>>> print(open('coords14.pdb').read())   # PDB, C-alpha atoms and all ligand atoms
ATOM      1  CA  MET A 124       0.000   0.000   0.000
ATOM      2  CA  THR A 125       1.318   3.420  -0.860
ATOM      3  CA  THR A 126      -0.299   6.571   0.300
ATOM      4  CA  ASP A 127       0.247  10.242   0.923
ATOM      5  CA  ASP A 128      -0.303   9.690   4.625
ATOM      6  CA  VAL A 129       0.374   7.271   7.407
ATOM      7  CA  VAL A 130      -2.738   5.148   7.805
ATOM      8  CA  PRO A 131      -4.147   3.512  10.907
ATOM      9  CA  GLN A 132      -4.178  -0.289  10.854
ATOM     10  CA  ASP A 133      -7.219  -2.400  11.641
ATOM     11  CA  HIS A 134      -7.062  -6.134  11.226
ATOM     12  CA  ASP A 135     -10.197  -7.419  12.862
ATOM     13  CA  ARG A 136     -12.758  -8.249  10.174
ATOM     14  CA  GLY A 137     -10.929  -9.816   7.235
ATOM     15  CA  ALA A 138     -12.263 -13.327   7.773
ATOM     16  CA  ASP A 139     -15.926 -12.297   7.986
ATOM     17  CA  LEU A 140     -15.606 -10.027   4.991
ATOM     18  CA  ALA A 141     -14.043 -12.792   2.915
ATOM     19  CA  THR A 142     -17.001 -15.058   3.645
ATOM     20  CA  VAL A 143     -19.520 -12.382   2.744
ATOM     21  CA  ALA A 144     -17.620 -11.594  -0.463
ATOM     22  CA  GLN A 145     -17.547 -15.264  -1.421
ATOM     23  CA  GLN A 146     -21.274 -15.411  -0.862
ATOM     24  CA  ALA A 147     -21.843 -12.251  -2.902
ATOM     25  CA  ARG A 148     -19.740 -13.614  -5.776
ATOM     26  CA  TRP A 149     -21.872 -16.732  -5.811
ATOM     27  CA  GLN A 150     -25.036 -14.638  -5.887
ATOM     28  CA  VAL A 151     -23.661 -12.820  -8.948
ATOM     29  CA  ILE A 152     -23.003 -16.071 -10.789
ATOM     30  CA  LYS A 153     -26.436 -17.423  -9.900
ATOM     31  CA  ALA A 154     -28.307 -14.264 -10.909
ATOM     32  CA  VAL A 155     -26.523 -13.802 -14.251
ATOM     33  CA  THR A 156     -26.941 -17.467 -15.129
ATOM     34  CA  ASN A 157     -30.616 -17.269 -14.218
ATOM     35  CA  ALA A 158     -31.231 -14.023 -16.144
ATOM     36  CA  LYS A 159     -29.162 -15.209 -19.119
ATOM     37  CA  ALA A 160     -27.716 -11.698 -19.188
ATOM     38  CA  GLY A 161     -25.453  -9.409 -17.207
ATOM     39  CA  HIS A 162     -21.843  -8.839 -16.282
ATOM     40  CA  ILE A 163     -19.445 -10.994 -14.303
ATOM     41  CA  GLY A 164     -15.855  -9.719 -14.563
ATOM     42  CA  GLY A 165     -16.541  -6.225 -13.187
ATOM     43  CA  PRO A 166     -18.806  -7.282 -10.314
ATOM     44  CA  LEU A 167     -16.241  -9.848  -9.176
ATOM     45  CA  SER A 168     -13.261  -7.497  -9.372
ATOM     46  CA  MET A 169     -14.918  -4.870  -7.168
ATOM     47  CA  MET A 170     -16.449  -7.302  -4.689
ATOM     48  CA  ASP A 171     -13.908  -7.083  -1.864
ATOM     49  CA  LEU A 172     -14.008  -3.289  -2.102
ATOM     50  CA  LEU A 173     -17.781  -3.213  -2.015
ATOM     51  CA  VAL A 174     -18.251  -5.729   0.775
ATOM     52  CA  SER A 175     -15.697  -3.871   2.891
ATOM     53  CA  LEU A 176     -17.558  -0.635   2.240
ATOM     54  CA  TYR A 177     -21.040  -1.904   3.103
ATOM     55  CA  PHE A 178     -20.047  -4.178   5.964
ATOM     56  CA  SER A 179     -17.475  -2.090   7.758
ATOM     57  CA  GLU A 180     -17.408   1.506   6.608
ATOM     58  CA  LEU A 181     -20.615   3.103   5.343
ATOM     59  CA  LYS A 182     -22.874   4.747   7.879
ATOM     60  CA  VAL A 183     -26.109   3.391   6.472
ATOM     61  CA  ASP A 184     -29.162   1.589   7.804
ATOM     62  CA  PRO A 185     -31.076  -0.757   5.478
ATOM     63  CA  GLU A 186     -34.196   0.057   7.504
ATOM     64  CA  LYS A 187     -33.824   3.738   6.629
ATOM     65  CA  PRO A 188     -32.519   3.808   3.067
ATOM     66  CA  ARG A 189     -33.580   7.414   2.578
ATOM     67  CA  ASP A 190     -32.143   8.797   5.814
ATOM     68  CA  PRO A 191     -30.839  12.242   4.809
ATOM     69  CA  ASP A 192     -27.723  11.761   6.941
ATOM     70  CA  ARG A 193     -26.706   8.399   5.477
ATOM     71  CA  ASP A 194     -23.403   8.059   3.667
ATOM     72  CA  ARG A 195     -23.899   8.022  -0.101
ATOM     73  CA  PHE A 196     -22.606   5.419  -2.514
ATOM     74  CA  ILE A 197     -22.627   5.697  -6.288
ATOM     75  CA  LEU A 198     -21.720   2.747  -8.472
ATOM     76  CA  SER A 199     -20.495   4.797 -11.404
ATOM     77  CA  LYS A 200     -19.574   1.616 -13.307
ATOM     78  CA  GLY A 201     -23.267   0.785 -13.378
ATOM     79  CA  HIS A 202     -22.874  -2.301 -15.571
ATOM     80  CA  ALA A 203     -21.638  -4.055 -12.412
ATOM     81  CA  ALA A 204     -25.116  -3.624 -10.893
ATOM     82  CA  ILE A 205     -25.620  -7.268 -10.000
ATOM     83  CA  GLY A 206     -22.576  -7.034  -7.719
ATOM     84  CA  LEU A 207     -24.169  -4.126  -5.873
ATOM     85  CA  TYR A 208     -27.579  -5.834  -5.645
ATOM     86  CA  SER A 209     -25.929  -8.927  -4.179
ATOM     87  CA  VAL A 210     -24.170  -6.909  -1.500
ATOM     88  CA  LEU A 211     -27.315  -4.893  -0.747
ATOM     89  CA  ALA A 212     -29.260  -8.137  -0.379
ATOM     90  CA  LEU A 213     -26.705  -9.611   2.011
ATOM     91  CA  ARG A 214     -26.696  -6.351   3.958
ATOM     92  CA  GLY A 215     -30.457  -6.548   4.400
ATOM     93  CA  TYR A 216     -31.835  -4.057   1.852
ATOM     94  CA  LEU A 217     -33.795  -6.667  -0.070
ATOM     95  CA  PRO A 218     -34.558 -10.373   0.180
ATOM     96  CA  LEU A 219     -31.892 -12.620  -1.306
ATOM     97  CA  GLU A 220     -34.605 -14.401  -3.274
ATOM     98  CA  GLU A 221     -35.294 -11.172  -5.172
ATOM     99  CA  LEU A 222     -31.932 -11.557  -6.934
ATOM    100  CA  ALA A 223     -33.702 -14.151  -9.083
ATOM    101  CA  THR A 224     -35.644 -11.283 -10.692
ATOM    102  CA  PHE A 225     -32.462  -9.583 -11.922
ATOM    103  CA  ASP A 226     -32.869  -7.946 -15.339
ATOM    104  CA  LYS A 227     -36.563  -8.835 -15.714
ATOM    105  CA  GLY A 228     -38.801  -6.072 -17.024
ATOM    106  CA  ASP A 229     -40.800  -5.421 -13.869
ATOM    107  CA  SER A 230     -37.978  -6.036 -11.410
ATOM    108  CA  ARG A 231     -36.480  -3.468  -9.051
ATOM    109  CA  LEU A 232     -33.134  -4.943 -10.114
ATOM    110  CA  GLN A 233     -32.554  -3.654 -13.598
ATOM    111  CA  GLY A 234     -29.422  -4.422 -15.618
ATOM    112  CA  HIS A 235     -28.163  -1.019 -14.474
ATOM    113  CA  PRO A 236     -29.062   0.634 -11.139
ATOM    114  CA  ASP A 237     -32.302   2.628 -11.177
ATOM    115  CA  VAL A 238     -32.734   5.117  -8.341
ATOM    116  CA  THR A 239     -36.498   5.251  -8.901
ATOM    117  CA  ARG A 240     -36.943   1.540  -8.270
ATOM    118  CA  LEU A 241     -34.750   0.337  -5.448
ATOM    119  CA  PRO A 242     -34.312   2.082  -2.089
ATOM    120  CA  GLY A 243     -30.613   1.887  -1.279
ATOM    121  CA  ILE A 244     -29.541   3.059  -4.716
ATOM    122  CA  ASP A 245     -28.346   6.661  -4.514
ATOM    123  CA  SER A 246     -28.018   7.370  -8.235
ATOM    124  CA  SER A 247     -28.987   5.793 -11.521
ATOM    125  CA  THR A 248     -25.884   4.867 -13.497
ATOM    126  CA  GLY A 249     -24.879   2.874 -16.541
ATOM    127  CA  SER A 250     -23.842   5.523 -18.993
ATOM    128  CA  LEU A 251     -20.193   5.500 -17.978
ATOM    129  CA  GLY A 252     -18.448   8.657 -16.829
ATOM    130  CA  GLN A 253     -21.225  10.401 -14.925
ATOM    131  CA  GLY A 254     -21.050   9.107 -11.366
ATOM    132  CA  LEU A 255     -18.240  11.256 -10.056
ATOM    133  CA  SER A 256     -20.047  14.434 -11.137
ATOM    134  CA  VAL A 257     -23.103  13.270  -9.227
ATOM    135  CA  GLY A 258     -20.856  12.560  -6.256
ATOM    136  CA  VAL A 259     -19.373  16.066  -6.426
ATOM    137  CA  GLY A 260     -22.914  17.439  -6.290
ATOM    138  CA  MET A 261     -23.773  15.321  -3.261
ATOM    139  CA  ALA A 262     -20.584  16.259  -1.434
ATOM    140  CA  LEU A 263     -21.126  19.954  -2.142
ATOM    141  CA  GLY A 264     -24.738  19.586  -1.057
ATOM    142  CA  ALA A 265     -23.634  18.047   2.233
ATOM    143  CA  ARG A 266     -21.364  20.987   2.904
ATOM    144  CA  LEU A 267     -24.009  23.561   2.032
ATOM    145  CA  GLY A 268     -26.576  21.738   4.147
ATOM    146  CA  GLY A 269     -24.238  21.379   7.120
ATOM    147  CA  GLN A 270     -24.409  17.562   6.911
ATOM    148  CA  SER A 271     -21.537  15.300   7.848
ATOM    149  CA  PHE A 272     -22.160  12.331   5.541
ATOM    150  CA  HIS A 273     -19.396  11.054   3.253
ATOM    151  CA  THR A 274     -19.879  10.341  -0.458
ATOM    152  CA  TRP A 275     -18.175   7.352  -2.097
ATOM    153  CA  VAL A 276     -18.002   6.764  -5.854
ATOM    154  CA  LEU A 277     -16.719   3.560  -7.450
ATOM    155  CA  LEU A 278     -15.416   3.875 -11.011
ATOM    156  CA  GLY A 279     -13.971   1.509 -13.598
ATOM    157  CA  ASP A 280     -10.497   2.054 -15.028
ATOM    158  CA  GLY A 281     -11.928   1.981 -18.545
ATOM    159  CA  GLU A 282     -14.660   4.345 -17.472
ATOM    160  CA  ILE A 283     -12.228   7.056 -16.405
ATOM    161  CA  GLN A 284     -11.319   7.622 -20.031
ATOM    162  CA  GLU A 285     -14.562   9.621 -20.198
ATOM    163  CA  GLY A 286     -13.770  13.349 -20.258
ATOM    164  CA  MET A 287     -16.550  14.222 -17.852
ATOM    165  CA  VAL A 288     -14.744  12.318 -15.110
ATOM    166  CA  TRP A 289     -11.873  14.771 -15.298
ATOM    167  CA  GLU A 290     -14.158  17.787 -15.029
ATOM    168  CA  ALA A 291     -15.421  16.291 -11.798
ATOM    169  CA  VAL A 292     -11.856  15.546 -10.633
ATOM    170  CA  GLN A 293     -10.966  19.171 -11.180
ATOM    171  CA  ALA A 294     -14.107  20.515  -9.497
ATOM    172  CA  ALA A 295     -13.715  18.268  -6.448
ATOM    173  CA  ALA A 296     -10.199  19.552  -5.823
ATOM    174  CA  ARG A 297     -11.189  23.145  -6.470
ATOM    175  CA  TYR A 298     -13.991  22.952  -3.901
ATOM    176  CA  LYS A 299     -11.794  21.009  -1.458
ATOM    177  CA  LEU A 300     -14.264  18.170  -1.105
ATOM    178  CA  THR A 301     -12.673  16.207   1.693
ATOM    179  CA  ASN A 302     -16.043  14.486   2.147
ATOM    180  CA  LEU A 303     -15.700  12.745  -1.233
ATOM    181  CA  THR A 304     -13.801   9.551  -2.064
ATOM    182  CA  ALA A 305     -13.370   8.044  -5.508
ATOM    183  CA  ILE A 306     -12.426   4.376  -5.719
ATOM    184  CA  VAL A 307     -10.974   3.227  -9.031
ATOM    185  CA  ASP A 308     -11.349  -0.500  -9.713
ATOM    186  CA  ARG A 309      -8.094  -0.866 -11.570
ATOM    187  CA  ASN A 310      -8.503  -4.322 -13.071
ATOM    188  CA  GLY A 311      -6.546  -3.548 -16.237
ATOM    189  CA  LEU A 312      -9.350  -4.598 -18.553
ATOM    190  CA  GLN A 313     -12.412  -3.047 -20.077
ATOM    191  CA  GLN A 314     -14.962  -4.458 -22.495
ATOM    192  CA  PHE A 315     -12.611  -5.525 -25.273
ATOM    193  CA  GLY A 316      -9.243  -3.884 -24.704
ATOM    194  CA  LEU A 317      -6.690  -2.834 -27.253
ATOM    195  CA  PRO A 318      -5.852  -5.133 -30.129
ATOM    196  CA  SER A 319      -2.490  -6.638 -29.373
ATOM    197  CA  SER A 320       0.385  -5.538 -31.582
ATOM    198  CA  ASP A 321       1.778  -9.044 -31.260
ATOM    199  CA  GLU A 322       0.670 -11.029 -34.335
ATOM    200  CA  THR A 323       0.456 -14.267 -32.361
ATOM    201  CA  THR A 324      -2.091 -12.867 -29.926
ATOM    202  CA  ARG A 325      -3.845 -10.568 -32.347
ATOM    203  CA  THR A 326      -7.254 -12.057 -31.788
ATOM    204  CA  ASP A 327      -7.027 -11.548 -28.031
ATOM    205  CA  ARG A 328      -8.248  -7.997 -27.620
ATOM    206  CA  GLY A 329      -7.872  -8.081 -23.834
ATOM    207  CA  ASP A 330      -4.709  -6.117 -23.201
ATOM    208  CA  ARG A 331      -4.335  -6.637 -19.465
ATOM    209  CA  ARG A 332      -2.391  -3.386 -19.025
ATOM    210  CA  ASP A 333      -5.347  -1.535 -20.459
ATOM    211  CA  PRO A 334      -6.380   1.246 -20.552
ATOM    212  CA  TRP A 335      -3.673   3.300 -18.852
ATOM    213  CA  PHE A 336      -0.528   1.528 -19.920
ATOM    214  CA  GLY A 337       2.457   3.805 -19.310
ATOM    215  CA  VAL A 338       0.372   6.421 -17.498
ATOM    216  CA  ASP A 339       1.108   7.093 -13.850
ATOM    217  CA  LEU A 340      -2.469   7.573 -12.668
ATOM    218  CA  ALA A 341      -1.386   8.300  -9.109
ATOM    219  CA  ALA A 342       0.740  11.198 -10.344
ATOM    220  CA  VAL A 343      -2.110  12.479 -12.503
ATOM    221  CA  PHE A 344      -4.615  12.531  -9.620
ATOM    222  CA  HIS A 345      -1.976  14.037  -7.398
ATOM    223  CA  ALA A 346      -1.337  16.803  -9.903
ATOM    224  CA  PHE A 347      -5.063  17.566  -9.927
ATOM    225  CA  GLY A 348      -4.849  18.143  -6.167
ATOM    226  CA  TRP A 349      -6.169  14.835  -4.844
ATOM    227  CA  ARG A 350      -4.849  12.730  -2.008
ATOM    228  CA  VAL A 351      -3.899   9.376  -3.514
ATOM    229  CA  VAL A 352      -3.949   5.995  -1.806
ATOM    230  CA  GLU A 353      -2.859   2.973  -3.842
ATOM    231  CA  ILE A 354      -3.810  -0.464  -2.581
ATOM    232  CA  ASP A 355      -4.332  -4.093  -3.425
ATOM    233  CA  GLY A 356      -8.108  -4.140  -3.874
ATOM    234  CA  HIS A 357      -8.384  -7.714  -2.613
ATOM    235  CA  ASP A 358      -6.486  -7.171   0.639
ATOM    236  CA  TYR A 359      -8.992  -6.422   3.388
ATOM    237  CA  ASP A 360      -6.467  -4.809   5.711
ATOM    238  CA  GLN A 361      -5.330  -2.407   3.027
ATOM    239  CA  ILE A 362      -8.908  -1.657   1.994
ATOM    240  CA  LYS A 363      -9.969  -1.001   5.569
ATOM    241  CA  SER A 364      -7.004   1.279   6.213
ATOM    242  CA  ALA A 365      -7.693   3.244   3.036
ATOM    243  CA  TYR A 366     -11.378   3.639   3.943
ATOM    244  CA  THR A 367     -10.619   4.751   7.476
ATOM    245  CA  LEU A 368      -8.220   7.341   6.148
ATOM    246  CA  SER A 369     -10.641   8.605   3.488
ATOM    247  CA  GLY A 370     -13.646   8.691   5.772
ATOM    248  CA  ALA A 371     -11.764  10.875   8.237
ATOM    249  CA  GLY A 372     -11.184  13.558   5.582
ATOM    250  CA  ASP A 373      -7.915  15.297   4.835
ATOM    251  CA  ALA A 374      -6.286  18.073   6.828
ATOM    252  CA  GLN A 375      -4.930  19.535   3.581
ATOM    253  CA  GLY A 376      -8.420  19.842   2.119
ATOM    254  CA  ARG A 377      -8.048  17.277  -0.654
ATOM    255  CA  PRO A 378     -10.589  14.752  -1.909
ATOM    256  CA  THR A 379      -9.237  11.201  -1.823
ATOM    257  CA  VAL A 380      -8.857   8.688  -4.617
ATOM    258  CA  ILE A 381      -8.197   5.040  -3.848
ATOM    259  CA  LEU A 382      -6.480   3.345  -6.759
ATOM    260  CA  ALA A 383      -7.354  -0.266  -6.088
ATOM    261  CA  HIS A 384      -5.442  -2.882  -8.059
ATOM    262  CA  THR A 385      -7.790  -5.765  -8.734
ATOM    263  CA  VAL A 386      -8.201  -8.803 -10.943
ATOM    264  CA  LYS A 387     -11.152  -8.825 -13.294
ATOM    265  CA  GLY A 388     -13.279 -11.900 -12.579
ATOM    266  CA  LYS A 389     -11.619 -12.412  -9.166
ATOM    267  CA  GLY A 390     -12.682 -15.561  -7.351
ATOM    268  CA  LEU A 391     -13.619 -17.640 -10.368
ATOM    269  CA  SER A 392     -10.618 -19.216 -12.078
ATOM    270  CA  LEU A 393     -12.282 -19.281 -15.503
ATOM    271  CA  ALA A 394     -12.963 -15.570 -15.355
ATOM    272  CA  GLU A 395      -9.832 -14.187 -13.704
ATOM    273  CA  GLY A 396      -8.008 -11.831 -16.070
ATOM    274  CA  ALA A 397     -10.185 -12.910 -19.016
ATOM    275  CA  TYR A 398     -11.762 -10.018 -20.882
ATOM    276  CA  THR A 399     -14.195 -12.510 -22.438
ATOM    277  CA  TRP A 400     -15.876 -12.752 -19.031
ATOM    278  CA  HIS A 401     -16.721  -9.024 -18.980
ATOM    279  CA  SER A 402     -20.259  -9.918 -19.972
ATOM    280  CA  ILE A 403     -21.110 -13.567 -20.482
ATOM    281  CA  VAL A 404     -23.702 -16.113 -19.462
ATOM    282  CA  PRO A 405     -22.052 -19.086 -17.741
ATOM    283  CA  THR A 406     -22.732 -22.476 -19.279
ATOM    284  CA  GLU A 407     -24.040 -25.282 -17.110
ATOM    285  CA  GLU A 408     -20.493 -26.570 -16.838
ATOM    286  CA  ASP A 409     -19.158 -23.123 -15.847
ATOM    287  CA  PHE A 410     -21.927 -22.825 -13.297
ATOM    288  CA  GLU A 411     -21.058 -26.123 -11.653
ATOM    289  CA  ARG A 412     -17.411 -25.198 -11.607
ATOM    290  CA  ALA A 413     -18.253 -21.904  -9.926
ATOM    291  CA  ARG A 414     -20.343 -23.774  -7.382
ATOM    292  CA  ARG A 415     -17.340 -25.924  -6.491
ATOM    293  CA  GLU A 416     -14.779 -23.110  -6.454
ATOM    294  CA  LEU A 417     -16.929 -20.830  -4.344
ATOM    295  CA  GLU A 418     -17.923 -23.730  -2.089
ATOM    296  CA  ALA A 419     -21.484 -22.715  -2.724
ATOM    297  CA  ASP A 420     -23.101 -25.720  -1.090
ATOM    298  CA  GLU A 421     -21.747 -24.451   2.204
ATOM    299  CA  LEU A 422     -22.770 -20.919   1.331
ATOM    300  CA  ASP A 423     -26.380 -21.773   0.615
ATOM    301  CA  VAL A 424     -26.695 -22.487   4.310
ATOM    302  CA  LEU A 425     -25.187 -19.087   4.963
ATOM    303  CA  ASP A 426     -27.772 -17.469   2.647
ATOM    304  CA  HIS A 427     -30.344 -17.999   5.279
ATOM    305  CA  LYS A 428     -28.225 -16.933   8.193
ATOM    306  CA  LEU A 429     -27.098 -13.670   6.634
ATOM    307  CA  SER A 430     -30.558 -12.602   5.557
ATOM    308  CA  LYS A 431     -31.933 -13.375   9.007
ATOM    309  CA  THR A 432     -29.277 -11.668  11.071
ATOM    310  CA  GLY A 433     -28.093  -8.904   8.771
ATOM    311  CA  ALA A 434     -24.554 -10.078   9.575
ATOM    312  CA  GLY A 435     -21.956  -7.381   9.623
ATOM    313  CA  ALA A 436     -24.409  -4.603  10.433
TER     314      ALA A 436
HETATM  315  C1  LIG B   1     -20.793   6.016 -22.088
HETATM  316  C2  LIG B   1     -20.718   4.533 -22.230
HETATM  317  N1  LIG B   1     -19.982   4.001 -23.253
HETATM  318  C3  LIG B   1     -19.909   2.654 -23.401
HETATM  319  C4  LIG B   1     -20.582   1.826 -22.547
HETATM  320  C5  LIG B   1     -20.526   0.310 -22.759
HETATM  321  N2  LIG B   1     -19.682  -0.328 -21.753
HETATM  322  C6  LIG B   1     -20.214  -0.965 -20.696
HETATM  323  S1  LIG B   1     -19.047  -1.605 -19.669
HETATM  324  C7  LIG B   1     -17.783  -1.035 -20.656
HETATM  325  C8  LIG B   1     -16.346  -1.260 -20.268
HETATM  326  C9  LIG B   1     -16.033  -0.639 -18.939
HETATM  327  O1  LIG B   1     -14.736  -0.972 -18.522
HETATM  328  P1  LIG B   1     -14.281  -0.612 -17.075
HETATM  329  O2  LIG B   1     -14.685   0.765 -16.724
HETATM  330  O3  LIG B   1     -12.826  -0.912 -16.971
HETATM  331  O4  LIG B   1     -15.166  -1.581 -16.180
HETATM  332  P2  LIG B   1     -14.823  -3.007 -15.534
HETATM  333  O5  LIG B   1     -13.513  -3.465 -16.072
HETATM  334  O6  LIG B   1     -14.738  -2.754 -14.073
HETATM  335  O7  LIG B   1     -15.966  -3.888 -15.909
HETATM  336  C10 LIG B   1     -18.292  -0.360 -21.756
HETATM  337  C11 LIG B   1     -17.472   0.242 -22.813
HETATM  338  C12 LIG B   1     -21.341   2.419 -21.500
HETATM  339  N3  LIG B   1     -22.009   1.684 -20.599
HETATM  340  N4  LIG B   1     -21.373   3.775 -21.360
HETATM  341 MG    MG B   2     -11.725  -2.290 -15.971
END
>>> encode(input="coords14.pdb", output="structure tokens", more="lines below")
Ligand SMILES: Cc1ncc(C[n+]2csc(CCOP(=O)(O)OP(=O)(O)O)c2C)c(N)n1
Ligand SMILES: [Mg+2]
Amino acid sequence: MTTDDVVPQDHDRGADLATVAQQARWQVIKAVTNAKAGHIGGPLSMMDLLVSLYFSELKVDPEKPRDPDRDRFILSKGHAAIGLYSVLALRGYLPLEELATFDKGDSRLQGHPDVTRLPGIDSSTGSLGQGLSVGVGMALGARLGGQSFHTWVLLGDGEIQEGMVWEAVQAAARYKLTNLTAIVDRNGLQQFGLPSSDETTRTDRGDRRDPWFGVDLAAVFHAFGWRVVEIDGHDYDQIKSAYTLSGAGDAQGRPTVILAHTVKGKGLSLAEGAYTWHSIVPTEEDFERARRELEADELDVLDHKLSKTGAGA
């Protein structure tokens, strides 16, 4: 972990979080297989970040999803919606069984998050590039309204090629939004990636250094006036430390960006680092393999327990 500041260490919850994340990954596989549509790579890469956020950082109450003082979360990479729905279900916002309605016409769980349908969603997203601007508005609103909530925005590394992101980056620094944190899921892949210049791998369009090869993103954010924390996005201790630091604000008045290095498709060997798993429907064979790898037969027991107790609350 590299950061602009010394961060406090907290090592207490890694084991619980890993179990919840494993469960959430399984819910993603089940829901996408059932819907015959959706995304897998992006939801799995962000899962440890998201579970850590909802189970040990955000000041939210599933019973009061519209509480004006709640922390805000925007999934700017809205195509990863099923990952968010799975975490919200495990956190107690909706019944786990509802995940079976994912992507159906009358469901609250659309292919991309819809703020008008599901309490617990703070912004509709899906058209990439917009979430950080919404987050800037929320963070400014909190300041103007004298509210102390923190706003968190999760972005994809492909997504941040959108120009609008950089307008928001500039505005957040200008207005010294210490109550705003951007998390970049830096999995090194987007939908297709760059065509390889190597003739032998020309058909593999998933350049795993994509899309910022040769660009020092930490230096770029730093130059824009942000505090930068760079972590392994699958290491719960590092995630927790970065969140604690961000949530506390910055004495120098900077917004914080967490550059989280992740693996697209994390947790499922077939999908890890494979751009082809960005959006795919698992075959029956894939599904059974996922069940084994994620030890889902054990987890199905946990389904019940988590939804009953709201574990991690
Ligand atoms: C404005 C816009 N352009 C294109 C798309 C189609 N699209 C959906 S996901 C995706 C790739 C996103 O890659 P990245 O941000 O790296 O996400 P992740 O790797 O986390 O899935 C694209 C191009 C979109 N949703 N919005
Ligand atoms: Mg990506």
>>> residues_near_ligand(input="coords14.pdb", ligand="ligand MG 2 (chain B)", cutoff="9 Å", atoms="only C-alpha atoms and all ligand atoms", output="ChimeraX atom specification")
/A:164-165,168,278-282,307-314,333-334,385-387,401
>>> write_last_selection(input="coords14.pdb", atoms="C-alpha atoms", output="short mmCIF file (atom, residue, chain, number, x, y, z; two decimals), keeping the file's coordinate frame")
data_model
loop_
_atom_site.label_atom_id
_atom_site.label_comp_id
_atom_site.auth_asym_id
_atom_site.auth_seq_id
_atom_site.Cartn_x
_atom_site.Cartn_y
_atom_site.Cartn_z
CA GLY A 164 -15.86 -9.72 -14.56
CA GLY A 165 -16.54 -6.22 -13.19
CA SER A 168 -13.26 -7.50 -9.37
CA LEU A 278 -15.42 3.88 -11.01
CA GLY A 279 -13.97 1.51 -13.60
CA ASP A 280 -10.50 2.05 -15.03
CA GLY A 281 -11.93 1.98 -18.55
CA GLU A 282 -14.66 4.34 -17.47
CA VAL A 307 -10.97 3.23 -9.03
CA ASP A 308 -11.35 -0.50 -9.71
CA ARG A 309 -8.09 -0.87 -11.57
CA ASN A 310 -8.50 -4.32 -13.07
CA GLY A 311 -6.55 -3.55 -16.24
CA LEU A 312 -9.35 -4.60 -18.55
CA GLN A 313 -12.41 -3.05 -20.08
CA GLN A 314 -14.96 -4.46 -22.50
CA ASP A 333 -5.35 -1.54 -20.46
CA PRO A 334 -6.38 1.25 -20.55
CA THR A 385 -7.79 -5.76 -8.73
CA VAL A 386 -8.20 -8.80 -10.94
CA LYS A 387 -11.15 -8.82 -13.29
CA HIS A 401 -16.72 -9.02 -18.98
#
>>> axis_aligned_box(input="coords14.pdb", around="ligand LIG 1 (chain B)", padding_each_side="8 Å", output="lines of an AutoDock Vina configuration file")
center_x = -17.4
center_y = 1.1
center_z = -18.7
size_x = 25.2
size_y = 25.9
size_z = 25.3
>>> residues_around(input="coords14.pdb", residues="A:Met169", least_positions_apart="2", cutoff="12 Å", atoms="only C-alpha atoms", output="MDAnalysis selection string")
chainID A and resid 144 147:148 151 163:167 171:176 198:207 210 277:280 306:310 355:358 362 382:390
>>> atom_distance(input="coords14.pdb", atom1="atom CA of A:Thr301", atom2="atom CA of A:Val183")
19.2 Å
>>> atom_distance(input="coords14.pdb", atom1="atom CA of A:Gly269", atom2="atom CA of A:Pro236")
28.1 Å
>>> closest_residue(input="coords14.pdb", among="A:Gly258, A:Gly161, A:Gly228, A:Gly252", to="ligand LIG 1 (chain B)", atoms="all atoms listed in the file")
A:Gly252
>>> resolve_selection(input="coords14.pdb", expression="the PyMOL selection byres (((chain A and resi 259) around 12) and not hetatm)", output="compact mmCIF listing (two decimals) with C-alpha atoms, keeping the file's coordinate frame")
# COMPACT_ATOMS: atom_id res chain seq x y z
CA ARG A 195 -23.90 8.02 -0.10
CA PHE A 196 -22.61 5.42 -2.51
CA ILE A 197 -22.63 5.70 -6.29
CA GLN A 253 -21.22 10.40 -14.92
CA GLY A 254 -21.05 9.11 -11.37
CA LEU A 255 -18.24 11.26 -10.06
CA SER A 256 -20.05 14.43 -11.14
CA VAL A 257 -23.10 13.27 -9.23
CA GLY A 258 -20.86 12.56 -6.26
CA GLY A 260 -22.91 17.44 -6.29
CA MET A 261 -23.77 15.32 -3.26
CA ALA A 262 -20.58 16.26 -1.43
CA LEU A 263 -21.13 19.95 -2.14
CA GLY A 264 -24.74 19.59 -1.06
CA ALA A 265 -23.63 18.05 2.23
CA ARG A 266 -21.36 20.99 2.90
CA HIS A 273 -19.40 11.05 3.25
CA THR A 274 -19.88 10.34 -0.46
CA TRP A 275 -18.18 7.35 -2.10
CA VAL A 276 -18.00 6.76 -5.85
CA MET A 287 -16.55 14.22 -17.85
CA VAL A 288 -14.74 12.32 -15.11
CA TRP A 289 -11.87 14.77 -15.30
CA GLU A 290 -14.16 17.79 -15.03
CA ALA A 291 -15.42 16.29 -11.80
CA VAL A 292 -11.86 15.55 -10.63
CA GLN A 293 -10.97 19.17 -11.18
CA ALA A 294 -14.11 20.52 -9.50
CA ALA A 295 -13.72 18.27 -6.45
CA ALA A 296 -10.20 19.55 -5.82
CA ARG A 297 -11.19 23.14 -6.47
CA TYR A 298 -13.99 22.95 -3.90
CA LYS A 299 -11.79 21.01 -1.46
CA LEU A 300 -14.26 18.17 -1.10
CA THR A 301 -12.67 16.21 1.69
CA ASN A 302 -16.04 14.49 2.15
CA LEU A 303 -15.70 12.74 -1.23
CA THR A 304 -13.80 9.55 -2.06
CA ALA A 305 -13.37 8.04 -5.51
CA PRO A 378 -10.59 14.75 -1.91
>>> closest_residue(input="coords14.pdb", among="A:Asp237, A:Asp339, A:Asp192, A:Glu285", to="ligand LIG 1 (chain B)", atoms="all atoms listed in the file")
A:Glu285
>>> atom_distance(input="coords14.pdb", atom1="atom CA of A:Lys153", atom2="atom CA of A:Thr399")
18.2 Å
>>> resolve_selection(input="coords14.pdb", expression="the PyMOL selection byres (((chain A and resi 189) around 12) and not hetatm)", output="list in words")
Val183, Asp184, Pro185, Glu186, Lys187, Pro188, Asp190, Pro191, Asp192, Arg193, Asp194, Arg195, Tyr216, Val238, Leu241, Pro242, Gly243, Ile244 and Asp245 of chain A
